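Student: Hey, dropping upload36.cif in here, mmCIF, C-alpha atoms and all ligand atoms:
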```cif
data_structure
loop_
_atom_site.label_atom_id
_atom_site.label_comp_id
_atom_site.auth_asym_id
_atom_site.auth_seq_id
_atom_site.Cartn_x
_atom_site.Cartn_y
_atom_site.Cartn_z
CA MET A 26 -48.88 70.50 -241.13
CA SER A 27 -52.24 69.13 -240.14
CA ASN A 28 -55.29 67.38 -241.51
CA TYR A 29 -57.67 69.56 -243.53
CA GLN A 30 -60.28 66.82 -243.70
CA GLY A 31 -63.34 66.31 -241.64
CA GLU A 32 -61.55 64.33 -238.96
CA THR A 33 -61.38 65.05 -235.28
CA LEU A 34 -57.87 64.63 -233.94
CA GLY A 35 -57.32 62.33 -230.98
CA VAL A 36 -55.99 63.43 -227.59
CA PRO A 37 -52.91 61.33 -226.80
CA VAL A 38 -52.68 62.48 -223.18
CA SER A 39 -53.60 60.52 -220.04
CA LEU A 40 -56.10 61.79 -217.49
CA GLU A 41 -53.26 62.14 -214.98
CA GLU A 42 -51.36 64.39 -217.38
CA ILE A 43 -54.46 66.50 -218.06
CA LYS A 44 -55.04 66.85 -214.32
CA LYS A 45 -51.39 67.82 -213.79
CA SER A 46 -51.40 70.40 -216.59
CA TYR A 47 -54.66 72.02 -215.35
CA GLY A 48 -53.16 72.09 -211.85
CA VAL A 49 -50.42 74.34 -213.28
CA VAL A 50 -52.79 76.25 -215.60
CA SER A 51 -55.11 77.01 -212.64
CA ARG A 52 -52.53 79.57 -211.40
CA PHE A 53 -53.06 81.85 -214.39
CA TYR A 54 -56.40 80.59 -215.73
CA VAL A 55 -58.17 83.74 -214.54
CA ALA A 56 -56.29 85.64 -217.29
CA VAL A 57 -57.08 82.94 -219.88
CA GLU A 58 -60.73 83.12 -218.84
CA ALA A 59 -60.82 86.90 -219.20
CA ILE A 60 -59.39 86.79 -222.73
CA PHE A 61 -60.83 83.61 -224.21
CA GLU A 62 -63.80 82.36 -222.22
CA LYS A 63 -65.78 85.38 -221.01
CA GLY A 64 -67.74 86.09 -224.20
CA VAL A 65 -68.47 82.43 -224.85
CA ARG A 66 -69.61 81.95 -221.26
CA ARG A 67 -72.04 84.87 -221.52
CA LYS A 68 -73.51 83.56 -224.77
CA GLY A 69 -73.60 79.93 -223.56
CA LEU A 70 -75.43 80.76 -220.33
CA GLN A 71 -77.78 83.09 -222.14
CA LEU A 72 -78.76 80.30 -224.56
CA LEU A 73 -79.16 77.75 -221.75
CA SER A 74 -81.37 80.18 -219.76
CA VAL A 75 -81.23 78.68 -216.27
CA ILE A 76 -84.25 79.66 -214.15
CA PRO A 77 -84.90 79.80 -210.38
CA GLY A 78 -85.51 76.45 -208.71
CA GLU A 79 -83.57 74.40 -211.26
CA VAL A 80 -80.95 71.81 -210.40
CA VAL A 81 -78.01 72.36 -212.75
CA LEU A 82 -74.67 70.64 -213.26
CA GLU A 83 -71.56 72.13 -214.80
CA VAL A 84 -69.01 69.67 -216.19
CA GLY A 85 -65.44 71.02 -216.02
CA VAL A 86 -66.03 74.04 -213.78
CA GLY A 87 -62.48 75.40 -214.07
CA THR A 88 -62.17 78.51 -211.91
CA GLY A 89 -65.92 78.78 -211.33
CA TYR A 90 -67.06 81.89 -213.20
CA ALA A 91 -69.92 80.10 -214.96
CA LEU A 92 -70.87 78.15 -211.84
CA ARG A 93 -71.16 81.42 -209.94
CA GLU A 94 -73.64 82.69 -212.54
CA ILE A 95 -75.52 79.38 -212.54
CA ALA A 96 -75.71 79.42 -208.72
CA SER A 97 -77.07 82.94 -208.86
CA SER A 98 -79.67 82.00 -211.53
CA VAL A 99 -81.01 78.90 -209.72
CA GLY A 100 -81.87 81.02 -206.67
CA GLU A 101 -82.35 79.88 -203.08
CA ASN A 102 -84.53 76.92 -204.03
CA GLY A 103 -82.26 75.56 -206.75
CA LYS A 104 -78.94 73.78 -206.74
CA ALA A 105 -75.74 74.24 -208.74
CA CYS A 106 -73.41 71.24 -208.88
CA GLY A 107 -69.97 71.22 -210.42
CA ILE A 108 -67.59 68.41 -211.30
CA ASP A 109 -63.92 68.80 -212.23
CA ILE A 110 -60.93 66.48 -212.24
CA THR A 111 -58.44 69.09 -211.01
CA PRO A 112 -58.40 69.84 -207.26
CA GLN A 113 -56.66 73.21 -207.72
CA MET A 114 -59.44 74.37 -210.07
CA LEU A 115 -62.08 73.27 -207.56
CA GLU A 116 -60.32 75.13 -204.76
CA ILE A 117 -60.40 78.39 -206.75
CA THR A 118 -64.09 77.76 -207.57
CA ARG A 119 -64.87 77.09 -203.91
CA LYS A 120 -63.26 80.39 -202.86
CA ARG A 121 -65.13 82.30 -205.61
CA LEU A 122 -68.52 80.85 -204.64
CA LYS A 123 -67.86 81.38 -200.94
CA LYS A 124 -66.92 85.00 -201.55
CA ALA A 125 -70.16 85.46 -203.52
CA GLY A 126 -72.12 83.98 -200.58
CA LEU A 127 -73.52 81.21 -202.80
CA MET A 128 -71.83 78.10 -201.37
CA GLU A 129 -75.00 76.93 -199.60
CA ARG A 130 -76.66 76.15 -202.92
CA VAL A 131 -73.50 74.65 -204.49
CA GLU A 132 -72.04 71.13 -204.45
CA LEU A 133 -68.56 70.50 -205.85
CA TYR A 134 -67.19 67.09 -206.72
CA GLU A 135 -63.66 66.12 -207.68
CA GLY A 136 -63.97 63.41 -210.31
CA ASP A 137 -64.03 62.25 -213.91
CA ALA A 138 -66.97 63.30 -216.09
CA ARG A 139 -66.85 59.94 -217.88
CA SER A 140 -68.30 58.34 -214.78
CA MET A 141 -70.20 60.72 -212.51
CA PRO A 142 -71.50 60.12 -208.98
CA TYR A 143 -74.97 61.59 -209.58
CA GLU A 144 -78.22 59.63 -209.65
CA ASP A 145 -80.19 59.17 -212.90
CA SER A 146 -82.44 62.06 -214.03
CA LYS A 147 -81.20 64.46 -211.33
CA PHE A 148 -80.60 67.59 -213.39
CA ASP A 149 -82.81 70.07 -215.23
CA ALA A 150 -79.78 71.27 -217.18
CA VAL A 151 -76.11 70.42 -217.73
CA TYR A 152 -73.63 73.01 -218.97
CA THR A 153 -70.12 72.42 -220.26
CA ALA A 154 -67.78 74.97 -221.82
CA SER A 155 -64.29 74.48 -223.26
CA THR A 156 -64.27 70.97 -221.88
CA LEU A 157 -65.92 68.52 -224.33
CA GLU A 158 -63.13 69.23 -226.83
CA LEU A 159 -60.43 68.00 -224.48
CA PHE A 160 -61.79 64.47 -224.20
CA ASP A 161 -60.27 61.92 -226.54
CA THR A 162 -62.53 61.08 -229.51
CA PRO A 163 -63.90 57.76 -228.10
CA ASP A 164 -64.56 59.48 -224.75
CA ILE A 165 -66.80 62.21 -226.19
CA PRO A 166 -69.84 59.87 -226.60
CA THR A 167 -69.05 58.35 -223.20
CA VAL A 168 -69.31 61.77 -221.54
CA LEU A 169 -72.41 62.75 -223.52
CA ASN A 170 -74.10 59.45 -222.57
CA GLU A 171 -73.21 59.98 -218.94
CA VAL A 172 -74.69 63.48 -219.15
CA LYS A 173 -77.84 62.00 -220.71
CA ARG A 174 -78.12 59.55 -217.81
CA VAL A 175 -78.02 62.32 -215.18
CA LEU A 176 -80.30 64.69 -217.15
CA LYS A 177 -84.07 64.56 -216.69
CA PRO A 178 -85.75 63.29 -219.91
CA THR A 179 -87.04 66.84 -220.34
CA GLY A 180 -83.68 68.36 -219.42
CA ARG A 181 -81.34 70.35 -221.62
CA LEU A 182 -77.65 70.24 -222.37
CA GLY A 183 -75.66 73.39 -223.11
CA VAL A 184 -72.28 73.01 -224.82
CA ALA A 185 -69.76 75.66 -225.83
CA SER A 186 -66.82 74.22 -227.73
CA LEU A 187 -64.20 75.03 -230.32
CA THR A 188 -65.63 73.90 -233.62
CA LYS A 189 -64.05 72.53 -236.75
CA LYS A 190 -67.14 72.37 -238.97
CA GLY A 191 -66.76 74.45 -242.11
CA LYS A 192 -63.39 75.80 -240.91
CA GLU A 193 -61.20 72.83 -241.84
CA GLY A 194 -58.71 74.73 -243.98
CA SER A 195 -58.60 77.93 -241.91
CA LEU A 196 -55.29 79.19 -240.62
CA PHE A 197 -56.50 79.07 -237.02
CA ILE A 198 -57.61 75.42 -237.20
CA ARG A 199 -54.44 74.38 -238.98
CA PHE A 200 -52.28 76.19 -236.44
CA TYR A 201 -54.25 74.90 -233.45
CA GLU A 202 -54.18 71.31 -234.66
CA TRP A 203 -50.47 71.59 -235.39
CA LEU A 204 -49.89 72.87 -231.85
CA HIS A 205 -52.06 70.12 -230.41
CA GLN A 206 -50.03 67.50 -232.25
CA LYS A 207 -46.69 69.05 -231.20
CA ILE A 208 -47.45 69.69 -227.50
CA PRO A 209 -50.63 67.76 -226.61
CA LYS A 210 -49.81 67.91 -222.89
CA TYR A 211 -50.34 71.67 -222.94
CA ALA A 212 -52.53 72.28 -226.01
CA ASN A 213 -54.65 69.31 -224.96
CA CYS A 214 -57.97 70.37 -226.48
CA ARG A 215 -58.69 70.66 -230.23
CA PRO A 216 -61.64 71.76 -232.38
CA ILE A 217 -64.34 69.12 -232.75
CA TYR A 218 -67.56 68.57 -234.71
CA VAL A 219 -69.79 69.74 -231.89
CA GLU A 220 -73.26 69.34 -233.40
CA LYS A 221 -72.50 65.94 -234.93
CA SER A 222 -71.01 64.65 -231.66
CA VAL A 223 -74.09 65.74 -229.73
CA GLU A 224 -76.58 64.41 -232.30
CA ASP A 225 -74.74 61.09 -232.64
CA ALA A 226 -75.00 60.68 -228.86
CA GLY A 227 -78.82 60.84 -229.06
CA TYR A 228 -79.74 64.47 -228.56
CA GLN A 229 -81.82 66.88 -230.61
CA ILE A 230 -80.28 70.31 -231.04
CA ILE A 231 -82.79 73.06 -230.27
CA LYS A 232 -80.51 76.11 -230.37
CA SER A 233 -77.21 76.60 -232.15
CA GLU A 234 -75.08 79.71 -232.57
CA GLU A 235 -71.61 80.43 -233.79
CA PHE A 236 -69.36 82.66 -231.73
CA THR A 237 -66.13 83.91 -233.23
CA LEU A 238 -63.53 85.23 -230.85
CA LEU A 239 -61.15 87.94 -232.10
CA LYS A 240 -62.49 87.22 -235.61
CA ILE A 241 -60.50 83.96 -235.83
CA VAL A 242 -61.36 81.49 -233.05
CA PRO A 243 -64.56 79.59 -234.03
CA TRP A 244 -66.85 78.34 -231.29
CA ARG A 245 -70.18 76.58 -231.54
CA ILE A 246 -72.68 77.03 -228.75
CA ILE A 247 -75.63 74.67 -228.67
CA VAL A 248 -78.55 73.69 -226.48
CA ALA A 249 -79.89 70.16 -226.96
CA ARG A 250 -82.48 67.83 -225.47
CA PRO A 251 -82.08 64.08 -225.02
CA LEU A 252 -84.09 62.09 -227.55
CA THR A 253 -86.52 59.72 -225.95
CA ASN A 254 -86.67 56.17 -227.31
C1 LIG B 1 -60.32 74.47 -220.44
S1 LIG B 1 -60.93 74.25 -218.83
C2 LIG B 1 -62.55 75.01 -218.96
C3 LIG B 1 -63.03 75.52 -217.64
C4 LIG B 1 -64.37 76.28 -217.69
N1 LIG B 1 -65.45 75.46 -218.12
C5 LIG B 1 -64.27 77.51 -218.55
O1 LIG B 1 -65.00 77.62 -219.54
O2 LIG B 1 -63.46 78.39 -218.23
C6 LIG B 1 -61.33 72.52 -218.79
C7 LIG B 1 -61.66 71.99 -217.39
O3 LIG B 1 -62.08 70.62 -217.52
C8 LIG B 1 -61.51 69.89 -216.44
N2 LIG B 1 -61.43 68.47 -216.86
C9 LIG B 1 -60.55 67.90 -217.71
N3 LIG B 1 -60.79 66.59 -217.84
C10 LIG B 1 -61.85 66.31 -217.04
C11 LIG B 1 -62.55 65.12 -216.74
N4 LIG B 1 -62.22 63.93 -217.28
N5 LIG B 1 -63.59 65.20 -215.87
C12 LIG B 1 -63.94 66.39 -215.30
N6 LIG B 1 -63.29 67.54 -215.55
C13 LIG B 1 -62.26 67.51 -216.41
C14 LIG B 1 -60.15 70.54 -216.22
O4 LIG B 1 -59.64 70.27 -214.95
C15 LIG B 1 -60.49 72.02 -216.44
O5 LIG B 1 -60.85 72.65 -215.24
#
```
Please render this file's structure as structure tokens.

Tutor:
Amino acid sequence: MSNYQGETLGVPVSLEEIKKSYGVVSRFYVAVEAIFEKGVRRKGLQLLSVIPGEVVLEVGVGTGYALREIASSVGENGKACGIDITPQMLEITRKRLKKAGLMERVELYEGDARSMPYEDSKFDAVYTASTLELFDTPDIPTVLNEVKRVLKPTGRLGVASLTKKGKEGSLFIRFYEWLHQKIPKYANCRPIYVEKSVEDAGYQIIKSEEFTLLKIVPWRIIVARPLTN
């Protein structure tokens, strides 16, 4: 049915296909967010603890709920930037931030997180939720390195992701991986080894919490700092 070992499955889907599927998903993602992402978002942002005046990036903004909270936390003197590959997601985010009266402190960019348009050491913090686990295995270090480039040396990275560690044989992981292998265009993400991925990319984890949704869906939420050479 699936692999029970400590392997991360690949993602055999092109960026164009991912973009296309999230264009469709964007129409009902508000419901997905309400069921699956809300609790994780609260915990993730609480652990990251954005403060007024900070310049913060969110990678994979989706429909903009987290970015709205980040924009509110950075205050008038801070900045909240968001990057996403899917124009429909960015449009929904733009409307949400405009409605909240926060667009003046927000910058949105349509693009690929593997190669971002931001200058080196721009951000105090980078946040990414439910996004790292949809990059193909070789792309995960690429994204984390790109994040490290745009983070200040003293900056922090917050990640919330489906986790596989210690859950390899669980029914949920087996089912999810099976689904991912059957219909990768739609079930394009899969559980990953979050802490190992982040540490291997040259970060030190400073906070780490597990979050289990509906008693079966395992998430890992971490905050990490780039290691200096
Ligand atoms: C599962 S959604 C998560 C959205 C949001 N972070 C949340 O927690 O609700 C993943 C998002 O990542 C975006 N995405 C996928 N591949 C990307 C890439 N290569 N670069 C930037 N964004 C990407 C998708 O368009 C989508 O909006």

Student: Closest to ligand LIG 1 (chain B) among A:Thr179, A:Ser51, A:Thr111, A:Ser97, using all atoms listed in the file?

Tutor: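 Of all the options, A:Thr111 lies closest to ligand LIG 1 (chain B).
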
Student: Rounded to one decimal, what separation in Å do you get between CA of Lys104 (chain A) and CA of Glu135 (chain A)?

Tutor: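 These atoms are spaced 17.1 Å apart.
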
Student: Pick out the residues sitting within 10 Å of Leu157 (chain A), and hand them over as JSON, numbers by chain; count only C-alpha atoms, and ignore anything fewer than 2 positions along from it in its own chain.

Tutor: {"A": [84, 85, 138, 153, 154, 155, 159, 160, 161, 162, 164, 165, 166, 168, 169, 184, 185, 186, 187, 214, 215, 216, 217, 219, 222]}

Student: When you count all atoms listed in the file, which of these residues is closest to Phe197 (chain A): A:Val36, A:Val81, A:Leu182, A:Val242?

Tutor: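 So, comparing all the options, the nearest one is A:Val242.
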
Student: Tell me which of A:Glu42, A:Glu62, A:Asp137, A:Glu116 sits closest to Ala91 (chain A), counting only C-alpha atoms.

Tutor: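 Counting only C-alpha atoms, the residue closest to Ala91 (chain A) is A:Glu62.
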
Student: Which is closest to Ile117 (chain A) among A:Leu133, A:Ile43, A:Val172, A:Leu239, if we use only C-alpha atoms?

Tutor: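 Closest candidate: A:Leu133.
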
Student: What does the distance from CA of Tyr54 (chain A) to atom O2 of ligand LIG 1 (chain B) come to in Å, to one decimal?

Tutor: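 Computed distance, CA of Tyr54 (chain A) to atom O2 of ligand LIG 1 (chain B), equals 7.8 Å.
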
Student: Please, what distance in Å, to one decimal, runs between CA of Lys45 (chain A) and atom N6 of ligand LIG 1 (chain B)?

Tutor: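 Between these atoms lies a distance of 12.0 Å.
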
Student: Thr88 (chain A): which residues within 7 Å, counting only C-alpha atoms, same-chain residues fewer than 6 positions away excluded, as a list in words?

Tutor: Met114, Leu115, Ile117 and Thr118 of chain A

Student: Quick one: write out the picked residues with C-alpha atoms as a short mmCIF file (atom, residue, chain, number, x, y, z; two decimals), in the coordinates of the input?

Tutor:
```cif
data_model
loop_
_atom_site.label_atom_id
_atom_site.label_comp_id
_atom_site.auth_asym_id
_atom_site.auth_seq_id
_atom_site.Cartn_x
_atom_site.Cartn_y
_atom_site.Cartn_z
CA MET A 114 -59.44 74.37 -210.07
CA LEU A 115 -62.08 73.27 -207.56
CA ILE A 117 -60.40 78.39 -206.75
CA THR A 118 -64.09 77.76 -207.57
#
```

Student: Considering all atoms listed in the file, can you say which of A:Arg181, A:Arg67, A:Arg121, A:Lys173 comes closest to Asp149 (chain A)?

Tutor: A:Arg181

Student: Using all atoms listed in the file, which residue out of A:Thr156, A:Gln206, A:Thr237, A:Thr253 lies closest to Lys68 (chain A)?

Tutor: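 Smallest separation from Lys68 (chain A) among the options: A:Thr237.
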